[in-house]
Amino acid sequence: NGCTDTLMQVLTVNGGNPVADFAAVTPPNFCGNDSITIQNKSTIGSGNITKVEIYWDNVNSPTLFDTDDFPVFNKLYRHKYPDFQTPLTRTYSIRYRAYSGGVCVSDRISNITVNASPKVAFAVIPNSCLNVAPFQVTQATETGGVPGSFVFSGPGINAGGVFNPAVVGPGTYTIKYKYTSNQGCVDSAQQTITVLRAPVADFTTVAPACESKQVIFRDASSSQDGTITTWTWNFGDGTAPVILNTNADVPHTFANAGNYTVSLTVTTNNGCNSLIRQSPVVIAPLPKPAFSFPASVCLPAATVNFTNNSTIADGTQNSFTYSWDFGDPASGTNNTSTAISPTHVYTGAGPYSVKLSVTSGAGCTRDTTILVDIIHPQPKADFDFSRPSICVGDDLGFIDKSTGADGTVNGWNWSFGDGGSSLIQNPTHLYGAAGNFAVKLFVTNSRGCNSDTVTKQFVVYSYPVVNAGPDRFVLENGSVTLEPSVTGANLNFLWQPATYLNNDKIERPVSSPLADITYTLTVTNPGGCTGSDMVFVKVLKGPKIPNTFTPNGDGINETWRIEYLDTYPENRVQVFTRTGQLVFESRGYKTPWDGTARGRSLPSDTYYYIIEPGNGRKPLTGYVTILK
């Protein structure tokens, strides 16, 4: 029928296929606390790239992405990953998708490594005082454990963090702390520090007075930063510093006259100390009354000479005036004196209280009272020995038996007769030589009186010198006389043990030993002094000579062993053949004969020997047979 119909549709043909690409434009090492920047490098042969999608973490978050519907070449895109400190690196997969139209698409997937970033903490820095020494700032730290290094910067601080308040002076300053990881990642923080001005210490004093009088010190300190809370006074006289929390007047008594340097340090409520304020203070001296008198004066001639020893620190003794009171009212007008060093005669035993008052040229007065208790009867000396006799080198004790009359014996003067002496009550003395010694003693009592001198004789004995004699040899069943060498007189002898001796209490006993024995000789003199020495007696038993041995190599009876022959140090052994030929000879017989002659084995046969033991034993002869 010729009927027709037509349908028309729009077909869009895009340009060429896109090529997705991007480039990182940040430094080579990416850090977790900084944005990652990439640059669009996608291209297309014809047409336009109409859209890009960026999947920043394609592996862990594949459904999350950024979209740009108006991309252009070299356009920059930024993304910040979560900040972290551990592990030291994290790897992310970036998927970059480029579109041409709605259906033409290209992907590029590339991994990127992000480094851990340091984590810095900077606590508040306490205020600092201006006059403190440079100190280390410790409030800034890296808390994430990321390896790296730090540097400080700011007024008055060096790179290592040492702050010097004196460099910057009072004021508030900003301190910066920058930490850089080994991969170049950085974190930083800052704090302020305030440097406070130090307080100023100052004080005044009242006019000086005589020593031992109070001196008043008045505070005049000030502070611009903070309130003064502590005052530390040092009076320069060796006393402990005085620490107060008030500025009230401070009294102080100086024990001695002289020039003193008094110092004051104040501290504010901020903890800042002032420099030390020093000021010289002059303390006028008091006289020092003093006098002496004889150590002992005994009745009836009780004349006491007083020696004035008064002094003053400034050396103005020539201006002194004196007033004496001898404590003896019965003497009437003689009881007082204004002389420098007077004499007074006492008619009784006392004691007397003598007072001396001294006034200096400056009008300072001081007195002293001393008890005079020196007028007494004479004490009596006596002593005894701790034992009746001693030996040279022994200690001898001396026992005091003195009496002090009306006082107590408090001084002893011993002379031991050998040049030695002592001042103690019951001394001990070592005598280094024998002899008869005259021991002397005089004593002094608590009243200062000396006794008469008592003398007693004492004998010190020398030690006997003992040599028990040389070691002895005696043949079995024989006897020997022991011959010691002994020096001394009136000696007693004792040999130990008494075994085999005819008498153990004589100097030269006879020993008939059955076995080896060591004797100890002890010699004693009348003073109980002993000496001792030892001697060894060797019993020489008769040699036991075997008449056969079998040097056949079986390890049994291989040599000619002669028992007891080794106890004869000078023995001689000779062995001959039947024809008189010498085949073996030994002196001392330290190595037994093994049946050889000049290194060759001898045949089985009978051989003849001569053994000379020595030490008084007759030669022995006989034969020995070699069996194989």
# chains A, B, ... in the order shown; residues from 1 in each chain; ligands from 1
>>> select_by_dssp(residues="range 52-291 of chain A", states="strand (DSSP E)", output="number ranges by chain")
A: 52-55, 66-68, 76-79, 89-100, 104-115, 120-122, 128-129, 135-136, 140-142, 148-153, 162-163, 171-181, 186-196, 203-205, 214-219, 228-234, 242-244, 250-253, 258-268, 277-283, 291
>>> residues_around(residues="Arg95 in chain A", least_positions_apart="4", cutoff="7 Å", atoms="only C-alpha atoms", output="number ranges by chain")
A: 54-56, 58, 107-110
>>> residues_around(residues="Asn33 in chain A", least_positions_apart="4", cutoff="10 Å", atoms="only C-alpha atoms", output="PDB file with N, CA and C atoms, in the first residue's frame")
ATOM      1  N   LYS A  80      43.910  14.957  53.426  1.00  0.00           N
ATOM      2  CA  LYS A  80      44.661  14.727  54.669  1.00  0.00           C
ATOM      3  C   LYS A  80      44.220  13.416  55.300  1.00  0.00           C
ATOM      4  N   TYR A  81      45.162  12.492  55.405  1.00  0.00           N
ATOM      5  CA  TYR A  81      44.889  11.208  56.045  1.00  0.00           C
ATOM      6  C   TYR A  81      44.871  11.382  57.567  1.00  0.00           C
ATOM      7  N   PRO A  82      44.339  10.406  58.304  1.00  0.00           N
ATOM      8  CA  PRO A  82      44.333  10.495  59.770  1.00  0.00           C
ATOM      9  C   PRO A  82      45.760  10.588  60.331  1.00  0.00           C
ATOM     10  N   ASP A  83      45.960  11.489  61.294  1.00  0.00           N
ATOM     11  CA  ASP A  83      47.279  11.634  61.937  1.00  0.00           C
ATOM     12  C   ASP A  83      47.554  10.383  62.786  1.00  0.00           C
ATOM     13  N   PHE A  84      48.809   9.904  62.758  1.00  0.00           N
ATOM     14  CA  PHE A  84      49.151   8.708  63.540  1.00  0.00           C
ATOM     15  C   PHE A  84      50.633   8.782  63.924  1.00  0.00           C
ATOM     16  N   GLN A  85      50.989   8.027  64.997  1.00  0.00           N
ATOM     17  CA  GLN A  85      52.380   7.932  65.453  1.00  0.00           C
ATOM     18  C   GLN A  85      52.919   6.506  65.411  1.00  0.00           C
ATOM     19  N   VAL A 114      52.729   6.966  53.684  1.00  0.00           N
ATOM     20  CA  VAL A 114      52.620   8.119  54.584  1.00  0.00           C
ATOM     21  C   VAL A 114      53.387   7.790  55.861  1.00  0.00           C
ATOM     22  N   ASN A 115      54.245   8.711  56.278  1.00  0.00           N
ATOM     23  CA  ASN A 115      55.075   8.518  57.471  1.00  0.00           C
ATOM     24  C   ASN A 115      54.360   9.038  58.721  1.00  0.00           C
ATOM     25  N   ALA A 116      54.672   8.366  59.849  1.00  0.00           N
ATOM     26  CA  ALA A 116      54.112   8.815  61.131  1.00  0.00           C
ATOM     27  C   ALA A 116      54.617  10.219  61.437  1.00  0.00           C
ATOM     28  N   SER A 117      53.751  11.032  61.982  1.00  0.00           N
ATOM     29  CA  SER A 117      54.140  12.394  62.345  1.00  0.00           C
ATOM     30  C   SER A 117      54.373  12.468  63.849  1.00  0.00           C
ATOM     31  N   PRO A 118      55.369  13.257  64.278  1.00  0.00           N
ATOM     32  CA  PRO A 118      55.588  13.405  65.718  1.00  0.00           C
ATOM     33  C   PRO A 118      54.419  14.114  66.379  1.00  0.00           C
ATOM     34  N   LYS A 119      54.304  13.886  67.707  1.00  0.00           N
ATOM     35  CA  LYS A 119      53.240  14.513  68.489  1.00  0.00           C
ATOM     36  C   LYS A 119      53.898  15.297  69.616  1.00  0.00           C
ATOM     37  N   CYS A 185      59.043  14.690  58.978  1.00  0.00           N
ATOM     38  CA  CYS A 185      57.737  15.139  59.438  1.00  0.00           C
ATOM     39  C   CYS A 185      57.906  16.027  60.671  1.00  0.00           C
ATOM     40  N   VAL A 186      57.114  17.062  60.753  1.00  0.00           N
ATOM     41  CA  VAL A 186      57.336  18.095  61.776  1.00  0.00           C
ATOM     42  C   VAL A 186      56.063  18.321  62.585  1.00  0.00           C
ATOM     43  N   ASP A 187      56.288  18.540  63.912  1.00  0.00           N
ATOM     44  CA  ASP A 187      55.225  19.057  64.764  1.00  0.00           C
ATOM     45  C   ASP A 187      55.880  20.068  65.700  1.00  0.00           C
TER      46      ASP A 187
END
>>> closest_atom_pairs(of="range 305-333 of chain A", to="range 289-297 of chain A", cutoff="10 Å", atoms="only C-alpha atoms", output="tab-separated table")
residue	atom	partner	partner_atom	distance
A:Asn305	CA	A:Phe293	CA	5.8
A:Phe306	CA	A:Phe293	CA	4.9
A:Thr307	CA	A:Ser292	CA	5.2
A:Asn308	CA	A:Phe291	CA	4.4
A:Asn309	CA	A:Phe291	CA	4.9
A:Ser310	CA	A:Pro289	CA	4.3
A:Thr311	CA	A:Pro289	CA	6.7
A:Ile312	CA	A:Pro289	CA	8.6
A:Tyr322	CA	A:Pro289	CA	9.3
>>> write_last_selection(atoms="N, CA, C and O atoms", output="JSON list (two decimals), in the first residue's frame")
[["chain", "number", "residue", "atom", "x", "y", "z"],
["A", 305, "ASN", "N", 100.56, 34.73, 145.32],
["A", 305, "ASN", "CA", 100.87, 35.77, 144.34],
["A", 305, "ASN", "C", 99.89, 35.66, 143.18],
["A", 305, "ASN", "O", 99.83, 34.63, 142.49],
["A", 306, "PHE", "N", 99.10, 36.72, 142.99],
["A", 306, "PHE", "CA", 98.11, 36.74, 141.90],
["A", 306, "PHE", "C", 98.73, 37.40, 140.67],
["A", 306, "PHE", "O", 99.27, 38.52, 140.76],
["A", 307, "THR", "N", 98.65, 36.73, 139.55],
["A", 307, "THR", "CA", 99.17, 37.27, 138.29],
["A", 307, "THR", "C", 98.00, 37.67, 137.42],
["A", 307, "THR", "O", 97.15, 36.84, 137.06],
["A", 308, "ASN", "N", 97.94, 38.96, 137.09],
["A", 308, "ASN", "CA", 96.83, 39.48, 136.29],
["A", 308, "ASN", "C", 97.07, 39.12, 134.82],
["A", 308, "ASN", "O", 98.09, 39.48, 134.23],
["A", 309, "ASN", "N", 96.11, 38.40, 134.22],
["A", 309, "ASN", "CA", 96.20, 37.99, 132.81],
["A", 309, "ASN", "C", 95.08, 38.58, 131.97],
["A", 309, "ASN", "O", 94.74, 38.05, 130.91],
["A", 310, "SER", "N", 94.48, 39.69, 132.45],
["A", 310, "SER", "CA", 93.33, 40.27, 131.75],
["A", 310, "SER", "C", 93.75, 40.84, 130.40],
["A", 310, "SER", "O", 94.84, 41.38, 130.24],
["A", 311, "THR", "N", 92.84, 40.70, 129.42],
["A", 311, "THR", "CA", 93.11, 41.17, 128.06],
["A", 311, "THR", "C", 91.85, 41.81, 127.49],
["A", 311, "THR", "O", 90.76, 41.73, 128.08],
["A", 312, "ILE", "N", 92.03, 42.44, 126.33],
["A", 312, "ILE", "CA", 90.90, 42.97, 125.58],
["A", 312, "ILE", "C", 91.25, 42.85, 124.10],
["A", 312, "ILE", "O", 92.43, 42.93, 123.72],
["A", 322, "TYR", "N", 91.44, 48.31, 137.88],
["A", 322, "TYR", "CA", 91.21, 47.03, 138.51],
["A", 322, "TYR", "C", 90.64, 47.22, 139.91],
["A", 322, "TYR", "O", 90.92, 48.20, 140.59]]
>>> residues_around(residues="Gly407 in chain A", least_positions_apart="5", cutoff="6 Å", atoms="only C-alpha atoms", output="list of chain:residue names")
A:Asn445, A:Ser446, A:Arg447
>>> write_last_selection(atoms="N, CA and C atoms", output="JSON list (two decimals), in the first residue's frame")
[["chain", "number", "residue", "atom", "x", "y", "z"],
["A", 445, "ASN", "N", 97.74, 16.47, 144.67],
["A", 445, "ASN", "CA", 96.33, 16.30, 144.99],
["A", 445, "ASN", "C", 95.48, 17.37, 144.33],
["A", 446, "SER", "N", 94.17, 17.25, 144.55],
["A", 446, "SER", "CA", 93.24, 18.18, 143.92],
["A", 446, "SER", "C", 93.40, 19.61, 144.43],
["A", 447, "ARG", "N", 94.17, 19.80, 145.48],
["A", 447, "ARG", "CA", 94.44, 21.13, 146.02],
["A", 447, "ARG", "C", 95.69, 21.75, 145.42]]
>>> residues_around(residues="Thr518 in chain A", least_positions_apart="4", cutoff="9 Å", atoms="only C-alpha atoms", output="list in words")
Asp471, Gln496, Pro497, Met534, Val535, Phe536, Val537 and Lys538 of chain A
>>> write_last_selection(atoms="N, CA, C and O atoms", output="mmCIF file, in the first residue's frame")
data_model
loop_
_atom_site.group_PDB
_atom_site.id
_atom_site.type_symbol
_atom_site.label_atom_id
_atom_site.label_comp_id
_atom_site.auth_asym_id
_atom_site.auth_seq_id
_atom_site.Cartn_x
_atom_site.Cartn_y
_atom_site.Cartn_z
ATOM 1 N N ASP A 471 119.736 -31.505 114.818
ATOM 2 C CA ASP A 471 119.021 -32.776 114.731
ATOM 3 C C ASP A 471 120.029 -33.931 114.810
ATOM 4 O O ASP A 471 121.141 -33.855 114.274
ATOM 5 N N GLN A 496 110.234 -32.148 126.664
ATOM 6 C CA GLN A 496 108.924 -32.741 126.373
ATOM 7 C C GLN A 496 108.907 -33.264 124.945
ATOM 8 O O GLN A 496 109.393 -32.559 124.031
ATOM 9 N N PRO A 497 108.373 -34.479 124.772
ATOM 10 C CA PRO A 497 107.906 -35.402 125.816
ATOM 11 C C PRO A 497 109.088 -36.056 126.527
ATOM 12 O O PRO A 497 110.231 -35.975 126.057
ATOM 13 N N MET A 534 113.405 -26.792 119.657
ATOM 14 C CA MET A 534 113.121 -28.206 119.363
ATOM 15 C C MET A 534 114.308 -28.855 118.678
ATOM 16 O O MET A 534 115.089 -28.186 117.979
ATOM 17 N N VAL A 535 114.433 -30.175 118.891
ATOM 18 C CA VAL A 535 115.453 -30.976 118.222
ATOM 19 C C VAL A 535 114.802 -32.284 117.764
ATOM 20 O O VAL A 535 113.931 -32.839 118.451
ATOM 21 N N PHE A 536 115.211 -32.763 116.589
ATOM 22 C CA PHE A 536 114.641 -33.979 116.005
ATOM 23 C C PHE A 536 115.676 -35.089 116.089
ATOM 24 O O PHE A 536 116.848 -34.903 115.727
ATOM 25 N N VAL A 537 115.230 -36.260 116.576
ATOM 26 C CA VAL A 537 116.094 -37.445 116.678
ATOM 27 C C VAL A 537 115.581 -38.491 115.699
ATOM 28 O O VAL A 537 114.436 -38.925 115.797
ATOM 29 N N LYS A 538 116.449 -38.837 114.735
ATOM 30 C CA LYS A 538 116.095 -39.803 113.699
ATOM 31 C C LYS A 538 116.682 -41.159 114.041
ATOM 32 O O LYS A 538 117.885 -41.296 114.287
#
>>> atom_distance(atom1="CA of Thr369 in chain A", atom2="CA of Ser212 in chain A")
18.6 Å
>>> closest_residue(among="A:Ser100, A:Gln574, A:Ser331, A:Ser604", to="Pro619 in chain A", atoms="only C-alpha atoms")
A:Gln574
>>> atom_distance(atom1="CA of Ile38 in chain A", atom2="CA of Val120 in chain A")
27.6 Å
>>> closest_residue(among="A:Gly542, A:Gly2, A:Pro27, A:Gly236", to="Gly184 in chain A", atoms="only C-alpha atoms")
A:Pro27
